[in-house]
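Q: Okay, so here is entry19.pdb, and as you'll see once you scroll down, it has PDB, C-alpha atoms.
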```pdb
ATOM      1  CA  MET J   1     -10.731  28.197  47.994  1.00  0.00           C
ATOM      2  CA  SER J   2     -12.756  25.902  45.758  1.00  0.00           C
ATOM      3  CA  GLU J   3     -15.776  26.918  43.753  1.00  0.00           C
ATOM      4  CA  LYS J   4     -19.103  25.385  44.617  1.00  0.00           C
ATOM      5  CA  LYS J   5     -20.572  23.291  41.868  1.00  0.00           C
ATOM      6  CA  MET J   6     -24.016  24.121  40.598  1.00  0.00           C
ATOM      7  CA  ASN J   7     -26.672  21.468  41.053  1.00  0.00           C
ATOM      8  CA  SER J   8     -28.595  20.287  38.015  1.00  0.00           C
ATOM      9  CA  SER J   9     -31.893  21.988  38.906  1.00  0.00           C
ATOM     10  CA  ARG J  10     -30.216  25.405  39.198  1.00  0.00           C
ATOM     11  CA  ARG J  11     -28.349  24.813  35.928  1.00  0.00           C
ATOM     12  CA  GLY J  12     -31.606  23.855  34.166  1.00  0.00           C
ATOM     13  CA  HIS J  13     -33.377  26.944  35.586  1.00  0.00           C
ATOM     14  CA  LEU J  14     -30.603  29.270  34.351  1.00  0.00           C
ATOM     15  CA  LYS J  15     -30.603  27.602  30.948  1.00  0.00           C
ATOM     16  CA  SER J  16     -34.375  28.072  30.581  1.00  0.00           C
ATOM     17  CA  LEU J  17     -34.018  31.774  31.579  1.00  0.00           C
ATOM     18  CA  MET J  18     -31.308  32.289  28.956  1.00  0.00           C
ATOM     19  CA  LEU J  19     -33.426  30.623  26.290  1.00  0.00           C
ATOM     20  CA  ALA J  20     -36.443  32.805  27.185  1.00  0.00           C
ATOM     21  CA  ILE J  21     -34.335  35.982  26.935  1.00  0.00           C
ATOM     22  CA  ALA J  22     -32.871  34.842  23.600  1.00  0.00           C
ATOM     23  CA  LYS J  23     -36.375  34.130  22.266  1.00  0.00           C
ATOM     24  CA  ASP J  24     -37.552  37.627  23.256  1.00  0.00           C
ATOM     25  CA  LEU J  25     -34.504  39.193  21.580  1.00  0.00           C
ATOM     26  CA  LEU J  26     -35.108  37.246  18.356  1.00  0.00           C
ATOM     27  CA  GLU J  27     -38.766  38.280  18.252  1.00  0.00           C
ATOM     28  CA  LYS J  28     -37.823  41.935  18.834  1.00  0.00           C
ATOM     29  CA  GLU J  29     -35.167  41.737  16.103  1.00  0.00           C
ATOM     30  CA  ALA J  30     -37.697  40.285  13.622  1.00  0.00           C
ATOM     31  CA  ALA J  31     -40.204  43.075  14.439  1.00  0.00           C
ATOM     32  CA  ASP J  32     -37.466  45.731  13.994  1.00  0.00           C
ATOM     33  CA  LEU J  33     -36.547  44.220  10.627  1.00  0.00           C
ATOM     34  CA  ILE J  34     -40.168  44.438   9.439  1.00  0.00           C
ATOM     35  CA  THR J  35     -40.451  48.100  10.502  1.00  0.00           C
ATOM     36  CA  GLU J  36     -37.107  48.981   8.847  1.00  0.00           C
ATOM     37  CA  LYS J  37     -38.234  47.319   5.618  1.00  0.00           C
ATOM     38  CA  ALA J  38     -41.540  49.259   5.648  1.00  0.00           C
ATOM     39  CA  ALA J  39     -39.683  52.538   6.289  1.00  0.00           C
ATOM     40  CA  PHE J  40     -37.209  51.858   3.456  1.00  0.00           C
ATOM     41  CA  ILE J  41     -40.002  51.066   0.991  1.00  0.00           C
ATOM     42  CA  ALA J  42     -41.898  54.233   2.026  1.00  0.00           C
ATOM     43  CA  ASP J  43     -38.769  56.373   1.501  1.00  0.00           C
ATOM     44  CA  ASN J  44     -37.474  54.852  -1.749  1.00  0.00           C
ATOM     45  CA  CYS J  45     -40.630  53.636  -3.472  1.00  0.00           C
ATOM     46  CA  PRO J  46     -43.319  56.293  -3.825  1.00  0.00           C
ATOM     47  CA  ALA J  47     -46.870  55.114  -4.208  1.00  0.00           C
ATOM     48  CA  PRO J  48     -47.761  54.593  -7.855  1.00  0.00           C
ATOM     49  CA  VAL J  49     -50.002  57.206  -9.374  1.00  0.00           C
ATOM     50  CA  LEU J  50     -52.533  55.259 -11.356  1.00  0.00           C
ATOM     51  CA  SER J  51     -54.639  58.226 -12.326  1.00  0.00           C
ATOM     52  CA  GLY J  52     -54.086  59.267 -15.864  1.00  0.00           C
ATOM     53  CA  GLY J  53     -54.088  57.720 -19.247  1.00  0.00           C
ATOM     54  CA  LEU J  54     -52.275  54.967 -21.041  1.00  0.00           C
ATOM     55  CA  PRO J  55     -49.247  57.089 -22.080  1.00  0.00           C
ATOM     56  CA  GLU J  56     -48.514  58.038 -18.442  1.00  0.00           C
ATOM     57  CA  LEU J  57     -48.622  54.376 -17.364  1.00  0.00           C
ATOM     58  CA  GLN J  58     -46.301  53.396 -20.226  1.00  0.00           C
ATOM     59  CA  GLU J  59     -43.852  56.132 -19.212  1.00  0.00           C
ATOM     60  CA  MET J  60     -43.936  54.916 -15.609  1.00  0.00           C
ATOM     61  CA  LEU J  61     -43.251  51.321 -16.736  1.00  0.00           C
ATOM     62  CA  LYS J  62     -40.271  52.505 -18.815  1.00  0.00           C
ATOM     63  CA  LYS J  63     -38.826  54.256 -15.753  1.00  0.00           C
ATOM     64  CA  LEU J  64     -39.335  51.090 -13.659  1.00  0.00           C
ATOM     65  CA  ALA J  65     -37.596  48.997 -16.329  1.00  0.00           C
ATOM     66  CA  GLN J  66     -34.640  51.422 -16.347  1.00  0.00           C
ATOM     67  CA  THR J  67     -34.302  51.283 -12.572  1.00  0.00           C
ATOM     68  CA  ILE J  68     -34.506  47.471 -12.656  1.00  0.00           C
ATOM     69  CA  ASP J  69     -31.740  47.370 -15.296  1.00  0.00           C
ATOM     70  CA  LYS J  70     -29.590  49.711 -13.203  1.00  0.00           C
ATOM     71  CA  VAL J  71     -30.067  47.557 -10.085  1.00  0.00           C
ATOM     72  CA  ASP J  72     -29.226  44.380 -12.054  1.00  0.00           C
ATOM     73  CA  GLU J  73     -26.020  45.989 -13.388  1.00  0.00           C
ATOM     74  CA  ASP J  74     -24.994  47.033  -9.873  1.00  0.00           C
ATOM     75  CA  ARG J  75     -25.717  43.529  -8.570  1.00  0.00           C
ATOM     76  CA  TYR J  76     -23.695  41.954 -11.400  1.00  0.00           C
ATOM     77  CA  ASP J  77     -20.773  44.328 -10.748  1.00  0.00           C
ATOM     78  CA  SER J  78     -20.783  43.566  -7.035  1.00  0.00           C
ATOM     79  CA  GLU J  79     -20.889  39.786  -7.727  1.00  0.00           C
ATOM     80  CA  ALA J  80     -17.928  40.155 -10.108  1.00  0.00           C
ATOM     81  CA  LYS J  81     -15.976  42.050  -7.428  1.00  0.00           C
ATOM     82  CA  VAL J  82     -16.746  39.371  -4.859  1.00  0.00           C
ATOM     83  CA  LYS J  83     -15.603  36.599  -7.228  1.00  0.00           C
ATOM     84  CA  LYS J  84     -12.417  38.500  -8.019  1.00  0.00           C
ATOM     85  CA  THR J  85     -11.577  39.020  -4.345  1.00  0.00           C
ATOM     86  CA  ASP J  86     -12.359  35.354  -3.581  1.00  0.00           C
ATOM     87  CA  LYS J  87      -9.934  34.307  -6.313  1.00  0.00           C
ATOM     88  CA  GLU J  88      -7.256  36.650  -4.956  1.00  0.00           C
ATOM     89  CA  ILE J  89      -7.761  35.246  -1.465  1.00  0.00           C
ATOM     90  CA  GLU J  90      -7.392  31.690  -2.774  1.00  0.00           C
ATOM     91  CA  ASP J  91      -4.218  32.640  -4.689  1.00  0.00           C
ATOM     92  CA  LEU J  92      -2.754  34.202  -1.556  1.00  0.00           C
ATOM     93  CA  ARG J  93      -3.569  31.082   0.445  1.00  0.00           C
ATOM     94  CA  MET J  94      -1.807  28.961  -2.166  1.00  0.00           C
ATOM     95  CA  LYS J  95       1.249  31.225  -1.986  1.00  0.00           C
ATOM     96  CA  VAL J  96       1.295  30.907   1.807  1.00  0.00           C
ATOM     97  CA  VAL J  97       1.202  27.119   1.503  1.00  0.00           C
ATOM     98  CA  GLU J  98       4.019  27.213  -1.074  1.00  0.00           C
ATOM     99  CA  ILE J  99       6.136  29.442   1.138  1.00  0.00           C
ATOM    100  CA  GLN J 100       5.605  27.323   4.232  1.00  0.00           C
ATOM    101  CA  GLY J 101       6.179  24.095   2.360  1.00  0.00           C
ATOM    102  CA  ILE J 102       4.977  20.684   3.330  1.00  0.00           C
ATOM    103  CA  LYS J 103       6.732  19.251   6.340  1.00  0.00           C
ATOM    104  CA  LYS J 104       7.602  15.611   5.865  1.00  0.00           C
ATOM    105  CA  PRO J 105       8.121  13.552   8.992  1.00  0.00           C
ATOM    106  CA  ALA J 106      11.514  11.971   9.494  1.00  0.00           C
ATOM    107  CA  LEU J 107      11.381   8.302   8.598  1.00  0.00           C
ATOM    108  CA  LYS J 108      12.839   5.769  10.954  1.00  0.00           C
ATOM    109  CA  LYS J 109      14.893   2.832   9.766  1.00  0.00           C
ATOM    110  CA  VAL J 110      13.167  -0.401  10.666  1.00  0.00           C
ATOM    111  CA  ARG J 111      14.878  -3.747  10.597  1.00  0.00           C
ATOM    112  CA  MET J 112      12.517  -6.622   9.916  1.00  0.00           C
ATOM    113  CA  SER J 113      13.029 -10.257   9.222  1.00  0.00           C
ATOM    114  CA  ALA J 114      11.517 -11.879   6.151  1.00  0.00           C
ATOM    115  CA  ASP J 115       8.842 -13.546   8.285  1.00  0.00           C
ATOM    116  CA  ALA J 116       7.882 -10.231   9.885  1.00  0.00           C
ATOM    117  CA  MET J 117       7.632  -8.573   6.450  1.00  0.00           C
ATOM    118  CA  LEU J 118       5.400 -11.345   5.109  1.00  0.00           C
ATOM    119  CA  GLN J 119       3.213 -11.178   8.179  1.00  0.00           C
ATOM    120  CA  ALA J 120       2.908  -7.389   7.795  1.00  0.00           C
ATOM    121  CA  LEU J 121       1.996  -7.739   4.105  1.00  0.00           C
ATOM    122  CA  LEU J 122      -0.338 -10.711   4.357  1.00  0.00           C
ATOM    123  CA  GLY J 123      -1.867  -9.840   7.700  1.00  0.00           C
ATOM    124  CA  THR J 124      -2.353 -11.968  10.750  1.00  0.00           C
ATOM    125  CA  LYS J 125      -4.634 -14.454   8.995  1.00  0.00           C
ATOM    126  CA  HIS J 126      -1.844 -15.905   6.889  1.00  0.00           C
ATOM    127  CA  LYS J 127       0.911 -17.291   8.991  1.00  0.00           C
ATOM    128  CA  ALA J 128       3.222 -18.191   6.169  1.00  0.00           C
ATOM    129  CA  SER J 129       6.718 -18.850   7.343  1.00  0.00           C
ATOM    130  CA  MET J 130       9.359 -18.635   4.702  1.00  0.00           C
ATOM    131  CA  ASP J 131      12.841 -19.881   5.155  1.00  0.00           C
ATOM    132  CA  PHE J 132      14.439 -18.433   2.064  1.00  0.00           C
ATOM    133  CA  ARG J 133      17.750 -20.145   2.594  1.00  0.00           C
ATOM    134  CA  ALA J 134      16.087 -23.551   2.588  1.00  0.00           C
ATOM    135  CA  ASN J 135      14.407 -22.788  -0.736  1.00  0.00           C
ATOM    136  CA  LEU J 136      17.646 -21.905  -2.453  1.00  0.00           C
ATOM    137  CA  LYS J 137      18.658 -24.316  -5.142  1.00  0.00           C
ATOM    138  CA  GLU J 138      21.842 -26.168  -4.456  1.00  0.00           C
ATOM    139  CA  VAL J 139      24.329 -26.017  -7.285  1.00  0.00           C
ATOM    140  CA  LYS J 140      26.796 -28.836  -7.580  1.00  0.00           C
ATOM    141  CA  LYS J 141      30.031 -27.994  -9.272  1.00  0.00           C
ATOM    142  CA  GLU J 142      31.011 -30.451 -11.938  1.00  0.00           C
ATOM    143  CA  VAL J 143      34.662 -31.177 -12.231  1.00  0.00           C
ATOM    144  CA  LYS J 144      35.747 -31.026 -15.839  1.00  0.00           C
ATOM    145  CA  GLU J 145      38.261 -33.546 -16.869  1.00  0.00           C
ATOM    146  CA  GLU J 146      40.753 -31.715 -18.939  1.00  0.00           C
ATOM    147  CA  GLU J 147      42.615 -33.567 -21.574  1.00  0.00           C
ATOM    148  CA  GLU J 148      46.280 -33.550 -21.138  1.00  0.00           C
ATOM    149  CA  VAL J 149      47.926 -31.222 -23.485  1.00  0.00           C
ATOM    150  CA  GLY J 150      50.705 -33.130 -25.037  1.00  0.00           C
ATOM    151  CA  ASP J 151      53.058 -32.588 -27.824  1.00  0.00           C
ATOM    152  CA  TRP J 152      51.043 -31.194 -30.698  1.00  0.00           C
ATOM    153  CA  ARG J 153      53.514 -32.423 -33.289  1.00  0.00           C
ATOM    154  CA  LYS J 154      52.947 -36.008 -32.209  1.00  0.00           C
ATOM    155  CA  ASN J 155      49.176 -35.519 -32.532  1.00  0.00           C
ATOM    156  CA  VAL J 156      49.528 -34.084 -36.029  1.00  0.00           C
ATOM    157  CA  ASP J 157      51.754 -36.971 -37.093  1.00  0.00           C
ATOM    158  CA  GLU J 158      49.211 -39.526 -35.851  1.00  0.00           C
ATOM    159  CA  GLN J 159      46.374 -37.929 -37.842  1.00  0.00           C
ATOM    160  CA  ALA J 160      48.371 -37.564 -41.000  1.00  0.00           C
ATOM    161  CA  GLY J 161      47.339 -39.690 -43.940  1.00  0.00           C
ATOM    162  CA  MET J 162      44.404 -42.055 -44.304  1.00  0.00           C
ATOM    163  CA  ASP J 163      45.262 -44.021 -41.216  1.00  0.00           C
ATOM    164  CA  GLY J 164      44.971 -40.913 -39.005  1.00  0.00           C
ATOM    165  CA  ARG J 165      41.584 -39.980 -40.398  1.00  0.00           C
ATOM    166  CA  LYS J 166      40.374 -43.542 -39.960  1.00  0.00           C
ATOM    167  CA  LYS J 167      41.471 -43.529 -36.305  1.00  0.00           C
ATOM    168  CA  LYS J 168      39.626 -40.268 -35.799  1.00  0.00           C
ATOM    169  CA  PHE J 169      36.307 -41.776 -36.932  1.00  0.00           C
ATOM    170  CA  GLU J 170      36.828 -44.996 -34.990  1.00  0.00           C
ATOM    171  CA  THR J 171      37.463 -43.238 -31.675  1.00  0.00           C
ATOM    172  CA  ALA J 172      34.502 -40.956 -31.975  1.00  0.00           C
TER
END
```
Would you give me this structure, written as structure tokens?
A:
Amino acid sequence: MSEKKMNSSRRGHLKSLMLAIAKDLLEKEAADLITEKAAFIADNCPAPVLSGGLPELQEMLKKLAQTIDKVDEDRYDSEAKVKKTDKEIEDLRMKVVEIQGIKKPALKKVRMSADAMLQALLGTKHKASMDFRANLKEVKKEVKEEEEVGDWRKNVDEQAGMDGRKKKFETA
């Protein structure tokens, strides 16, 4: 039917038991690591023979230097391999992203009034109400009075001679 819930004291007791077991396992693992390290050193690193003269010690130091160089080369090679594989992994991730593409959400068309846009831009602190139609400048159309186009020959006859030029200056 329904499972019985554990009370807090039982839960705390079980948690403390689990922690005690985990602590024992960690201590055992640390002790095993120390014994493995001692066994590895005993197998791979023989005890140095210090009996003998100066030339034997120098020869031993040369051998140690050669082994150190070999270990450093191996370490460098393994680091280079790791860097190369990390770069390949990153390139593959970039290719996956390029293949999948970036999904853009569909934008919705929003209809807003000018007041709503200003309120969205300026925030709720500024309650500026703009009636753009009221701010438009009114343009009054001027009616041009066109001169009547009459007979051009009559106009030319009037301006002919000195009298016509005199009239022109007087009217202006």
Q: Around region 46-59 of chain J, fit a box with edges along x, y and z, padding it by 8 Å on each side, then list its centre and edge lengths in Å to one decimal as JSON.
A:
```
{"center_x": -49.0, "center_y": 56.3, "center_z": -13.0, "size_x": 27.3, "size_y": 21.9, "size_z": 34.3}
```
Q: What does the structure give for the distance between CA of Lys63 (chain J) and CA of Pro48 (chain J), in Å to one decimal?
A: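 The value is 11.9 Å.
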Q: Could you work out how far CA of Asp69 (chain J) lies from CA of Leu54 (chain J), giving the answer in Å with one decimal?
A: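 These two atoms are separated by 22.6 Å.
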Q: CA of Ala47 (chain J) to CA of Thr35 (chain J): how many Å, to one decimal?
A: 17.5 Å
